[in-house]
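Coordinates from query12.tsv are shown below (TSV, C-alpha atoms).
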chain	number	residue	atom	x	y	z
A	1	MET	CA	-7.39	21.96	-1.52
A	2	ILE	CA	-5.22	20.86	1.43
A	3	THR	CA	-7.27	18.56	3.60
A	4	GLU	CA	-7.29	18.44	7.38
A	5	ARG	CA	-7.95	14.70	7.51
A	6	PRO	CA	-6.22	12.65	4.82
A	7	PHE	CA	-8.64	10.89	2.44
A	8	VAL	CA	-11.72	11.56	4.59
A	9	ASP	CA	-12.16	15.30	3.99
A	10	PHE	CA	-11.39	15.13	0.27
A	11	TYR	CA	-13.69	12.19	-0.34
A	12	SER	CA	-16.46	13.69	1.81
A	13	ALA	CA	-16.21	17.10	0.13
A	14	HIS	CA	-16.83	15.50	-3.26
A	15	GLY	CA	-19.25	12.84	-2.01
A	16	LEU	CA	-17.28	9.99	-3.52
A	17	THR	CA	-15.19	6.92	-2.84
A	18	PRO	CA	-12.85	6.50	-5.83
A	19	THR	CA	-11.85	2.92	-5.04
A	20	ARG	CA	-14.51	1.07	-7.00
A	21	GLN	CA	-13.50	-2.11	-8.77
A	22	ASP	CA	-14.95	-4.19	-11.56
A	23	VAL	CA	-16.34	-7.29	-9.83
A	24	SER	CA	-18.69	-8.32	-12.63
A	25	ASP	CA	-16.57	-11.48	-12.81
A	26	LEU	CA	-16.82	-12.32	-9.13
A	27	LYS	CA	-14.92	-15.59	-9.49
A	28	ARG	CA	-11.95	-13.74	-10.97
A	29	HIS	CA	-12.07	-11.11	-8.23
A	30	PHE	CA	-12.07	-13.80	-5.54
A	31	GLN	CA	-9.23	-15.68	-7.23
A	32	ARG	CA	-7.10	-12.52	-7.18
A	33	ARG	CA	-7.78	-11.99	-3.51
A	34	GLU	CA	-7.08	-15.66	-2.74
A	35	ALA	CA	-3.73	-15.40	-4.54
A	36	LEU	CA	-2.87	-12.24	-2.59
A	37	HIS	CA	-3.65	-13.86	0.74
A	38	ARG	CA	-1.60	-16.91	-0.10
A	39	GLN	CA	1.38	-14.68	-0.83
A	40	LEU	CA	0.81	-13.07	2.55
A	41	GLY	CA	0.75	-16.48	4.23
A	42	ILE	CA	-2.94	-16.40	5.12
A	43	PRO	CA	-4.82	-19.52	3.95
A	44	THR	CA	-8.44	-18.49	3.52
A	45	GLY	CA	-9.75	-21.53	5.37
A	46	LEU	CA	-8.13	-20.33	8.61
A	47	LEU	CA	-10.33	-17.22	8.63
A	48	LYS	CA	-13.55	-19.16	9.19
A	49	ASN	CA	-14.95	-18.26	12.62
A	50	ALA	CA	-12.07	-15.81	13.18
A	51	SER	CA	-12.48	-12.19	14.30
A	52	LEU	CA	-11.60	-9.48	11.79
A	53	VAL	CA	-11.44	-5.68	11.82
A	54	GLU	CA	-10.95	-3.73	8.58
A	55	PHE	CA	-9.93	-0.07	8.61
A	56	GLY	CA	-10.88	2.02	5.57
A	57	PRO	CA	-12.88	-0.51	3.52
A	58	GLY	CA	-13.35	1.99	0.69
A	59	SER	CA	-16.12	0.95	-1.66
A	60	GLY	CA	-16.48	-2.47	-0.02
A	61	HIS	CA	-15.41	-4.55	-3.00
A	62	ASN	CA	-12.68	-6.27	-1.00
A	63	ALA	CA	-15.00	-6.58	1.98
A	64	ILE	CA	-17.16	-9.05	0.09
A	65	PHE	CA	-14.19	-11.39	-0.15
A	66	TRP	CA	-13.49	-11.13	3.57
A	67	ALA	CA	-17.17	-11.83	4.22
A	68	SER	CA	-16.99	-14.91	2.00
A	69	CYS	CA	-14.38	-16.33	4.40
A	70	LYS	CA	-17.14	-16.48	7.03
A	71	PRO	CA	-15.46	-14.82	10.00
A	72	ALA	CA	-17.38	-15.10	13.25
A	73	ARG	CA	-16.98	-11.34	13.79
A	74	TYR	CA	-16.30	-8.69	11.14
A	75	VAL	CA	-15.97	-5.00	12.10
A	76	LEU	CA	-15.47	-2.27	9.48
A	77	VAL	CA	-14.27	1.20	10.49
A	78	ASP	CA	-14.42	4.33	8.29
A	79	ALA	CA	-15.37	7.99	8.61
A	80	THR	CA	-16.39	8.67	5.01
A	81	PRO	CA	-20.19	8.47	4.52
A	82	ALA	CA	-19.89	7.35	0.89
A	83	SER	CA	-17.52	4.57	1.91
A	84	LEU	CA	-19.80	3.36	4.68
A	85	ASP	CA	-22.83	3.35	2.37
A	86	GLY	CA	-20.93	1.63	-0.43
A	87	THR	CA	-19.55	-1.04	1.86
A	88	ARG	CA	-22.95	-1.74	3.37
A	89	ASN	CA	-24.51	-1.99	-0.09
A	90	GLN	CA	-21.85	-4.41	-1.31
A	91	LEU	CA	-22.15	-6.68	1.71
A	92	ASP	CA	-25.94	-6.67	1.64
A	93	LYS	CA	-25.94	-7.41	-2.09
A	94	TYR	CA	-23.52	-10.32	-2.11
A	95	PHE	CA	-23.70	-11.66	1.45
A	96	PRO	CA	-26.98	-10.60	3.06
A	97	GLU	CA	-26.53	-13.27	5.72
A	98	ALA	CA	-23.05	-12.05	6.72
A	99	LYS	CA	-22.48	-10.98	10.31
A	100	TYR	CA	-20.78	-7.62	10.30
A	101	GLU	CA	-20.67	-4.34	12.20
A	102	ILE	CA	-19.98	-0.98	10.57
A	103	VAL	CA	-18.49	1.69	12.82
A	104	ALA	CA	-18.59	5.33	11.67
A	105	SER	CA	-15.38	6.65	13.18
A	106	ASP	CA	-12.18	8.38	12.26
A	107	ILE	CA	-9.64	5.55	12.28
A	108	LEU	CA	-7.25	7.36	14.61
A	109	HIS	CA	-10.09	7.97	17.06
A	110	PHE	CA	-11.32	4.37	17.06
A	111	GLN	CA	-10.89	2.63	20.40
A	112	THR	CA	-11.97	-0.72	21.76
A	113	GLU	CA	-10.73	-3.20	24.34
A	114	GLU	CA	-11.43	-5.98	21.84
A	115	ARG	CA	-8.50	-7.59	20.04
A	116	PHE	CA	-8.83	-9.39	16.71
A	117	ASP	CA	-7.33	-12.39	14.95
A	118	LEU	CA	-6.85	-10.30	11.81
A	119	VAL	CA	-6.43	-6.54	11.31
A	120	VAL	CA	-6.67	-5.20	7.74
A	121	CYS	CA	-5.86	-1.73	6.39
A	122	GLU	CA	-5.39	-1.40	2.62
A	123	GLY	CA	-4.51	1.73	0.66
A	124	VAL	CA	-4.81	4.08	3.63
A	125	ILE	CA	-1.57	4.41	5.60
A	126	PRO	CA	0.96	5.99	3.15
A	127	THR	CA	0.57	9.80	2.84
A	128	GLN	CA	-1.07	10.06	6.25
A	129	LYS	CA	0.46	12.89	8.27
A	130	ASN	CA	2.37	10.35	10.40
A	131	PRO	CA	2.16	6.97	8.65
A	132	GLY	CA	4.30	5.15	11.22
A	133	ALA	CA	2.12	6.22	14.15
A	134	PHE	CA	-1.00	5.44	12.11
A	135	LEU	CA	0.29	1.90	11.49
A	136	GLN	CA	1.11	1.42	15.16
A	137	HIS	CA	-2.45	2.45	16.07
A	138	ILE	CA	-4.22	0.03	13.75
A	139	ALA	CA	-1.79	-2.82	14.54
A	140	SER	CA	-2.50	-2.44	18.26
A	141	PHE	CA	-5.89	-4.08	17.71
A	142	ALA	CA	-4.33	-7.43	16.77
A	143	SER	CA	-4.40	-10.10	19.43
A	144	PRO	CA	-1.09	-11.76	20.48
A	145	GLY	CA	-0.29	-14.21	17.71
A	146	GLY	CA	-2.77	-12.39	15.46
A	147	LEU	CA	-2.13	-11.01	11.98
A	148	VAL	CA	-1.90	-7.49	10.55
A	149	VAL	CA	-2.31	-6.91	6.79
A	150	MET	CA	-1.36	-3.47	5.48
A	151	THR	CA	-0.10	-1.74	2.34
A	152	CYS	CA	3.09	0.23	1.82
A	153	MET	CA	4.14	2.64	-0.90
A	154	ASP	CA	7.62	4.01	-1.45
A	155	ALA	CA	8.95	6.61	-3.83
A	156	ILE	CA	10.52	3.95	-6.07
A	157	SER	CA	7.33	1.95	-6.56
A	158	VAL	CA	5.23	5.06	-7.25
A	159	LEU	CA	7.83	7.03	-9.21
A	160	PRO	CA	5.75	6.78	-12.44
A	161	GLU	CA	2.69	8.10	-10.55
A	162	ILE	CA	4.74	10.97	-9.14
A	163	LEU	CA	5.80	11.87	-12.66
A	164	ARG	CA	2.20	11.59	-13.88
A	165	ARG	CA	1.15	14.05	-11.18
A	166	TYR	CA	3.87	16.40	-12.40
A	167	ALA	CA	2.64	16.11	-15.99
A	168	ALA	CA	-1.00	16.51	-14.90
A	169	ALA	CA	-0.20	19.80	-13.18
A	170	GLN	CA	1.32	21.12	-16.39
A	171	VAL	CA	-1.44	20.06	-18.79
A	172	THR	CA	-4.23	21.39	-16.52
A	173	GLU	CA	-2.51	24.62	-15.52
A	174	GLY	CA	-5.08	27.37	-15.03
A	175	ILE	CA	-8.06	25.01	-14.86
A	176	MET	CA	-9.82	25.25	-11.51
A	177	GLU	CA	-13.11	23.37	-12.04
A	178	PHE	CA	-12.81	19.86	-10.58
A	179	ASP	CA	-15.08	18.15	-13.13
A	180	LYS	CA	-13.39	19.81	-16.10
A	181	LYS	CA	-9.96	18.88	-14.82
A	182	LEU	CA	-11.09	15.30	-14.17
A	183	LYS	CA	-12.51	14.90	-17.67
A	184	MET	CA	-9.34	16.26	-19.27
A	185	LEU	CA	-7.05	13.99	-17.25
A	186	VAL	CA	-9.12	10.86	-17.85
A	187	GLU	CA	-8.62	11.45	-21.56
A	188	PHE	CA	-4.95	12.39	-21.15
A	189	PHE	CA	-4.12	9.22	-19.18
A	190	LYS	CA	-6.27	6.87	-21.24
A	191	PRO	CA	-3.26	5.41	-23.12
A	192	ASP	CA	-1.42	4.84	-19.83
A	193	LEU	CA	-4.32	3.13	-18.10
A	194	SER	CA	-5.23	1.06	-21.14
A	195	SER	CA	-1.69	-0.35	-21.19
A	196	LEU	CA	-1.82	-1.55	-17.58
A	197	ALA	CA	-2.40	-5.30	-17.37
A	198	GLY	CA	-5.01	-6.35	-14.83
A	199	MET	CA	-6.50	-2.87	-14.39
A	200	SER	CA	-9.79	-3.34	-12.51
A	201	ARG	CA	-10.52	0.23	-11.39
A	202	ARG	CA	-12.53	2.81	-13.29
A	203	HIS	CA	-10.30	5.32	-15.02
A	204	GLU	CA	-12.00	8.31	-13.41
A	205	ASP	CA	-11.55	6.75	-9.97
A	206	TRP	CA	-7.85	6.26	-10.58
A	207	VAL	CA	-7.43	9.89	-11.69
A	208	ILE	CA	-9.28	11.18	-8.63
A	209	ASP	CA	-7.43	8.96	-6.19
A	210	GLN	CA	-3.91	9.02	-7.63
A	211	ILE	CA	-3.70	12.40	-9.37
A	212	LEU	CA	-6.23	14.86	-7.93
A	213	HIS	CA	-6.33	13.63	-4.35
A	214	PRO	CA	-3.87	15.82	-2.42
A	215	TRP	CA	-1.07	14.17	-0.48
A	216	SER	CA	-1.12	14.99	3.22
A	217	GLY	CA	2.15	13.49	4.35
A	218	PRO	CA	5.05	11.15	3.60
A	219	LEU	CA	4.97	7.72	2.03
A	220	LEU	CA	5.69	4.55	4.01
A	221	SER	CA	8.20	2.06	2.62
A	222	MET	CA	8.49	-1.56	3.67
A	223	PRO	CA	11.60	-0.94	5.84
A	224	GLU	CA	9.80	2.00	7.49
A	225	ALA	CA	6.75	-0.17	8.20
A	226	ILE	CA	8.99	-2.85	9.68
A	227	ALA	CA	10.77	-0.26	11.84
A	228	ALA	CA	7.45	1.17	13.07
A	229	LEU	CA	6.36	-2.27	14.32
A	230	GLU	CA	9.80	-3.62	15.18
A	231	ALA	CA	9.26	-4.17	18.88
A	232	ASP	CA	6.12	-6.28	18.86
A	233	TYR	CA	5.49	-7.58	15.32
A	234	GLU	CA	7.43	-9.61	12.77
A	235	VAL	CA	7.09	-9.88	9.00
A	236	HIS	CA	5.09	-12.90	7.92
A	237	GLY	CA	4.53	-12.47	4.16
A	238	SER	CA	4.66	-9.97	1.34
A	239	SER	CA	3.16	-9.31	-2.07
A	240	PRO	CA	5.10	-9.36	-4.27
A	241	ARG	CA	6.77	-12.24	-2.47
A	242	PHE	CA	10.49	-11.46	-2.47
A	243	VAL	CA	11.66	-12.02	1.12
A	244	ASN	CA	14.33	-14.73	1.33
A	245	ASP	CA	15.40	-16.45	4.53
A	246	TRP	CA	17.73	-19.43	4.28
A	247	ARG	CA	18.14	-20.04	8.02
A	248	TRP	CA	17.29	-23.47	9.45
A	249	TYR	CA	14.16	-23.31	11.59
A	250	LYS	CA	15.84	-25.24	14.44
A	251	ASP	CA	18.28	-22.36	14.85
A	252	LEU	CA	15.43	-19.87	15.34
A	253	HIS	CA	14.88	-19.62	19.06
A	254	GLY	CA	15.80	-17.33	21.90
A	255	ALA	CA	15.14	-13.61	22.14
A	256	GLY	CA	13.73	-13.17	18.64
A	257	PHE	CA	13.37	-14.71	15.21
A	258	ALA	CA	14.89	-11.77	13.27
A	259	PHE	CA	12.31	-12.09	10.48
A	260	ASN	CA	12.20	-8.29	10.30
A	261	GLN	CA	15.90	-8.13	9.57
A	262	SER	CA	15.48	-10.61	6.71
A	263	GLY	CA	12.57	-8.56	5.37
A	264	ALA	CA	14.48	-5.27	5.37
A	265	GLU	CA	17.59	-6.84	3.82
A	266	SER	CA	15.50	-8.46	1.08
A	267	TYR	CA	13.89	-5.10	0.32
A	268	PHE	CA	17.18	-3.23	-0.15
A	269	GLY	CA	18.51	-6.03	-2.31
A	270	ASN	CA	15.45	-5.88	-4.58
A	271	ALA	CA	14.32	-2.21	-4.48
A	272	HIS	CA	15.32	-1.67	-8.13
A	273	ASN	CA	12.62	-4.16	-9.15
A	274	PHE	CA	9.88	-1.86	-7.87
A	275	VAL	CA	10.40	0.79	-10.58
A	276	ASP	CA	8.81	-1.21	-13.42
A	277	TYR	CA	6.24	-3.94	-12.78
A	278	ARG	CA	6.98	-5.56	-16.16
A	279	TYR	CA	10.47	-6.73	-15.30
A	280	ALA	CA	12.38	-8.26	-12.41
A	281	THR	CA	16.06	-9.17	-12.15
A	282	GLY	CA	18.13	-10.72	-9.41
A	283	SER	CA	19.04	-8.95	-6.20
A	284	ARG	CA	21.90	-6.47	-6.31
A	285	ASP	CA	24.11	-4.45	-3.99
A	286	ALA	CA	22.06	-2.83	-1.21
A	287	GLY	CA	24.24	0.26	-1.33
A	288	GLU	CA	23.36	0.90	-4.96
A	289	ASN	CA	19.67	0.57	-4.18
A	290	ALA	CA	20.07	2.89	-1.20
A	291	LYS	CA	21.14	5.59	-3.70
A	292	LEU	CA	18.02	4.86	-5.74
A	293	VAL	CA	15.87	5.18	-2.62
A	294	GLU	CA	17.50	8.51	-1.82
A	295	VAL	CA	16.91	10.15	-5.20
A	296	CYS	CA	13.34	8.85	-5.53
A	297	ASP	CA	12.57	10.11	-2.02
A	298	ALA	CA	13.90	13.51	-3.08
A	299	ILE	CA	11.62	13.53	-6.14
A	300	TYR	CA	8.59	12.78	-3.97
A	301	SER	CA	9.55	15.48	-1.45
A	302	LYS	CA	10.02	18.12	-4.15
A	303	GLN	CA	6.74	17.27	-5.88
A	304	PHE	CA	5.00	17.30	-2.49
A	305	ALA	CA	6.43	20.75	-1.74
A	306	SER	CA	5.39	21.98	-5.18
A	307	GLU	CA	1.81	20.80	-4.78
A	308	ARG	CA	1.68	22.48	-1.36
A	309	GLY	CA	2.81	25.77	-2.86
A	310	ILE	CA	6.00	25.74	-0.82
A	311	GLU	CA	8.53	25.71	-3.66
A	312	PRO	CA	8.06	25.04	-7.39
A	313	TYR	CA	9.65	21.93	-8.88
A	314	LEU	CA	11.28	23.45	-11.92
A	315	PRO	CA	11.77	21.33	-15.07
A	316	ALA	CA	15.56	21.63	-14.88
A	317	ALA	CA	15.57	20.24	-11.33
A	318	LEU	CA	13.29	17.34	-12.24
A	319	ILE	CA	15.42	16.49	-15.26
A	320	GLN	CA	18.54	16.47	-13.12
A	321	ASP	CA	16.89	14.15	-10.59
A	322	LEU	CA	15.61	11.79	-13.29
A	323	GLU	CA	19.06	11.60	-14.82
A	324	ARG	CA	20.29	10.41	-11.41
A	325	VAL	CA	17.55	7.76	-11.37
A	326	ILE	CA	18.60	6.60	-14.84
A	327	GLU	CA	22.20	6.43	-13.67
A	328	CYS	CA	21.14	4.31	-10.66
A	329	LEU	CA	19.28	1.93	-13.01
A	330	GLU	CA	22.00	1.72	-15.65
A	331	GLY	CA	22.25	-1.86	-16.83
A	332	GLY	CA	18.55	-2.43	-16.13
A	333	HIS	CA	15.92	-3.22	-18.72
A	334	SER	CA	16.21	-1.06	-21.82
A	335	GLU	CA	12.46	-0.31	-21.96
A	336	THR	CA	12.47	1.04	-18.41
A	337	LEU	CA	15.35	3.36	-19.21
A	338	ALA	CA	13.76	4.42	-22.51
A	339	ALA	CA	10.52	5.29	-20.72
A	340	LEU	CA	12.31	7.52	-18.21
A	341	LYS	CA	14.32	9.20	-20.96
A	342	ASP	CA	11.06	9.81	-22.82
A	343	PHE	CA	9.72	11.69	-19.80
A	344	VAL	CA	12.96	13.68	-19.54
A	345	ASN	CA	12.64	14.76	-23.18
A	346	CYS	CA	8.99	15.82	-22.83
A	347	THR	CA	9.82	17.72	-19.64
A	348	ALA	CA	12.60	19.54	-21.46
A	349	ASN	CA	10.35	20.69	-24.32
A	350	GLY	CA	7.19	21.04	-22.21
A	351	ARG	CA	5.13	18.88	-24.57
A	352	PHE	CA	3.71	16.13	-22.38
A	353	ASN	CA	1.12	15.23	-24.99
A	354	GLU	CA	4.04	13.71	-26.92
A	355	LEU	CA	4.76	11.10	-24.24
A	356	SER	CA	5.03	7.67	-25.83
A	357	LYS	CA	7.31	5.05	-24.26
A	358	PHE	CA	6.60	6.42	-20.80
A	359	ARG	CA	2.90	5.60	-21.16
A	360	LYS	CA	3.57	1.92	-20.44
A	361	LEU	CA	5.79	2.52	-17.42
A	362	TRP	CA	4.12	1.56	-14.14
A	363	GLY	CA	5.84	0.85	-10.87
A	364	ARG	CA	4.70	-1.80	-8.45
A	365	GLY	CA	2.48	0.74	-6.71
A	366	GLN	CA	1.45	-0.41	-3.29
A	367	GLN	CA	2.92	-3.51	-1.74
A	368	TYR	CA	1.30	-5.69	0.88
A	369	LEU	CA	2.90	-6.83	4.10
A	370	SER	CA	1.53	-9.18	6.72
A	371	PHE	CA	2.84	-9.16	10.27
A	372	ILE	CA	2.36	-11.52	13.19
A	373	ARG	CA	2.00	-9.89	16.58
A	374	ASN	CA	4.53	-11.49	18.86
A	375	ALA	CA	3.16	-13.69	21.63
A	376	GLU	CA	6.45	-14.18	23.47
A	377	THR	CA	4.94	-13.66	26.90
A	378	ALA	CA	2.18	-16.16	26.20
A	379	LEU	CA	4.67	-18.69	24.82
A	380	VAL	CA	6.95	-18.39	27.82
A	381	HIS	CA	3.99	-18.73	30.19
A	382	ALA	CA	2.68	-21.81	28.37
A	383	ALA	CA	6.13	-23.45	28.37
A	384	SER	CA	6.52	-22.72	32.08
A	385	GLU	CA	3.15	-24.30	32.85
A	386	VAL	CA	4.09	-27.46	30.95
A	387	GLU	CA	7.47	-27.69	32.68
A	388	SER	CA	5.80	-27.21	36.08
A	389	ALA	CA	3.29	-29.96	35.34
A	390	LEU	CA	6.05	-32.34	34.29
A	391	ASN	CA	8.28	-31.46	37.22
A	392	PRO	CA	6.08	-30.29	40.14
A	393	SER	CA	8.95	-30.52	42.62
A	394	GLY	CA	10.95	-27.99	40.64
A	395	GLU	CA	13.96	-30.29	40.47

Could you render the structure as structure tokens?
Amino acid sequence: MITERPFVDFYSAHGLTPTRQDVSDLKRHFQRREALHRQLGIPTGLLKNASLVEFGPGSGHNAIFWASCKPARYVLVDATPASLDGTRNQLDKYFPEAKYEIVASDILHFQTEERFDLVVCEGVIPTQKNPGAFLQHIASFASPGGLVVMTCMDAISVLPEILRRYAAAQVTEGIMEFDKKLKMLVEFFKPDLSSLAGMSRRHEDWVIDQILHPWSGPLLSMPEAIAALEADYEVHGSSPRFVNDWRWYKDLHGAGFAFNQSGAESYFGNAHNFVDYRYATGSRDAGENAKLVEVCDAIYSKQFASERGIEPYLPAALIQDLERVIECLEGGHSETLAALKDFVNCTANGRFNELSKFRKLWGRGQQYLSFIRNAETALVHAASEVESALNPSGE
């Protein structure tokens, strides 16, 4: 089923929100979120009495952490009834005294003159029909000097998921019933999901969201997110934290800070580390990683076209593309290469139930970026006011 509105129509048609998390250990859940926000450069204490808008809160399990930070104003925007109900239930259960407002609206149709200290949008922007424009829309609600937190996905970091979607299509060929397909795939991917450290989502939710949920558009990599917001926003933090900037702060003045340039350069030097979350090596030549980006983008595009019924992604073509990926990663960790070769072999013989080493291969999935909305005009105005006060004669 090709949806008209990404996420919303699929979720609404099935009456579900497959983003539930295990928060039975609430302390552990909060510690994870705290660690994430520290990587993004957002000390939790600074959110007290701040204004916050969250787009696409999903099941509301992350919303309870935001509520625990005690913002003065908390607005949540979503168009999926199940998401709105789930979010309201979570907030009322854990923080009945919290001040929040739920707005039932398609995110792209949401409008307000209000601007917020923090804008949050997790797990929503990649695979929208125009992810860059979507990001620009949600970021526009940040006040000058305010923060934007969003998630990216690129074809390197989700390469194992792309391959799992390919395998899923083969093992469920001819099965049309949603529930039957779901049950079969939960069992098929059980070894994969059981091997993933820190897994907090229900297996059936993961299958629905990552395998059965149809893609509507392209992914959005970190460099693409930076480019979409280049004019008015600058990178503040990332998770994983890999952005390096050795410049002396006293040299950073004038037209711009060039934090975005540092962010993009750090990405291309480290893109190879997004294939396998288990291992990380030092940065390497950006040109070599650009080749890796190119072939992984091609794999996503071909799988996308296949799922849309535009052109089949034949096994021989996939094998050829994966051999290029392996070539790009030559010299990397042996287990990563063995996992990819395992998938090549099972693709060649058509027996995906024999996957073994590949089962433990997971990319870094979605990455988080935080941006600060530039306040250059306000800074210049404030500096001018101070200078005028100190020198009223203008001399």

Could you make a table, as a tab-separated table, of the residues of region 76-157 of chain A that have an atom within 8 Å of an atom of region 362-377 of chain A, each with its nearest atom pair and distance in Å to one decimal, counting only C-alpha atoms, in chain and number order?
residue	atom	partner	partner_atom	distance
A:Gly123	CA	A:Gln366	CA	7.5
A:Ala142	CA	A:Arg373	CA	6.8
A:Ser143	CA	A:Arg373	CA	7.0
A:Pro144	CA	A:Ala375	CA	4.8
A:Gly145	CA	A:Arg373	CA	5.0
A:Gly146	CA	A:Arg373	CA	5.5
A:Leu147	CA	A:Ile372	CA	4.7
A:Val148	CA	A:Phe371	CA	5.0
A:Val149	CA	A:Ser370	CA	4.5
A:Met150	CA	A:Leu369	CA	5.6
A:Thr151	CA	A:Tyr368	CA	4.4
A:Cys152	CA	A:Gln367	CA	5.2
A:Met153	CA	A:Gln366	CA	4.7
A:Asp154	CA	A:Gln366	CA	7.8
A:Ile156	CA	A:Gly363	CA	7.4
A:Ser157	CA	A:Gly363	CA	4.7

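Interatomic distance, CA of Tyr267 (chain A) against CA of Ser283 (chain A): 9.2 Å.
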
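Closest approach to Gly58 (chain A) from the set A:Glu161, A:Asp78, A:Glu204, A:Glu288 is made by A:Asp78, with distances taken over all atoms listed in the file.
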
Would you please work out which residue, of A:Leu193, A:Val77, A:Arg201, A:His272, is nearest to Gly331 (chain A) when using all atoms listed in the file?
A:His272

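As for CA of Leu196 (chain A) and CA of Val295 (chain A), they are spaced 25.3 Å apart.
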
Of the residues A:Cys121, A:Cys328, A:Ile299, A:Leu46, which is the one nearest to Arg165 (chain A), using all atoms listed in the file?
A:Ile299

So which one's closest to Pro218 (chain A), A:Ser266, A:Thr112, A:Ser140, A:Thr127? Using only C-alpha atoms, please.
A:Thr127

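For the set A:Phe343, A:Phe242, A:Phe189, A:Phe268, the residue with the smallest atom-to-atom gap to Gly287 (chain A) is A:Phe268, counting only C-alpha atoms.
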
Find the residues of region 48-122 of chain A that sit at most 10 Å from region 129-137 of chain A; for each, write down the nearest two atoms and how far apart they are in Å, to one decimal. Count all atoms listed in the file. Sort by chain, then by number going up, and give it as a tab-separated table.
residue	atom	partner	partner_atom	distance
A:Ile107	CA	A:Phe134	CA	8.6
A:Leu108	CA	A:Phe134	CA	7.0
A:His109	CA	A:His137	CA	9.5
A:Phe110	CA	A:His137	CA	9.1
A:Gln111	CA	A:His137	CA	9.5
A:Cys121	CA	A:Leu135	CA	8.8

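Nearest-residue note for Leu292 (chain A): choosing from A:Asp92, A:Glu265, A:Asp321, A:Glu173, the minimum distance belongs to A:Asp321, counting only C-alpha atoms.
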
Excluding Gln128 (chain A) and any residue of its chain fewer than 3 positions from it, enumerate the residues within 8 Å of it, using all atoms listed in the file, and give them as a PyMOL selection string.
chain A and resi 6+124-125+131+134+215-219

Point (15.1, -5.4, -13.3), cut-off 12 Å, counting all atoms listed in the file, residues as a ChimeraX atom specification:
/A:269-284,289,328-337,363

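The spacing separating CA of Ala82 (chain A) from CA of His14 (chain A) amounts to 9.6 Å.
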
Residues at most 10 Å from Lys181 (chain A), counting only C-alpha atoms, excluding those fewer than 5 positions away in the same chain, as a count of residues only?
12
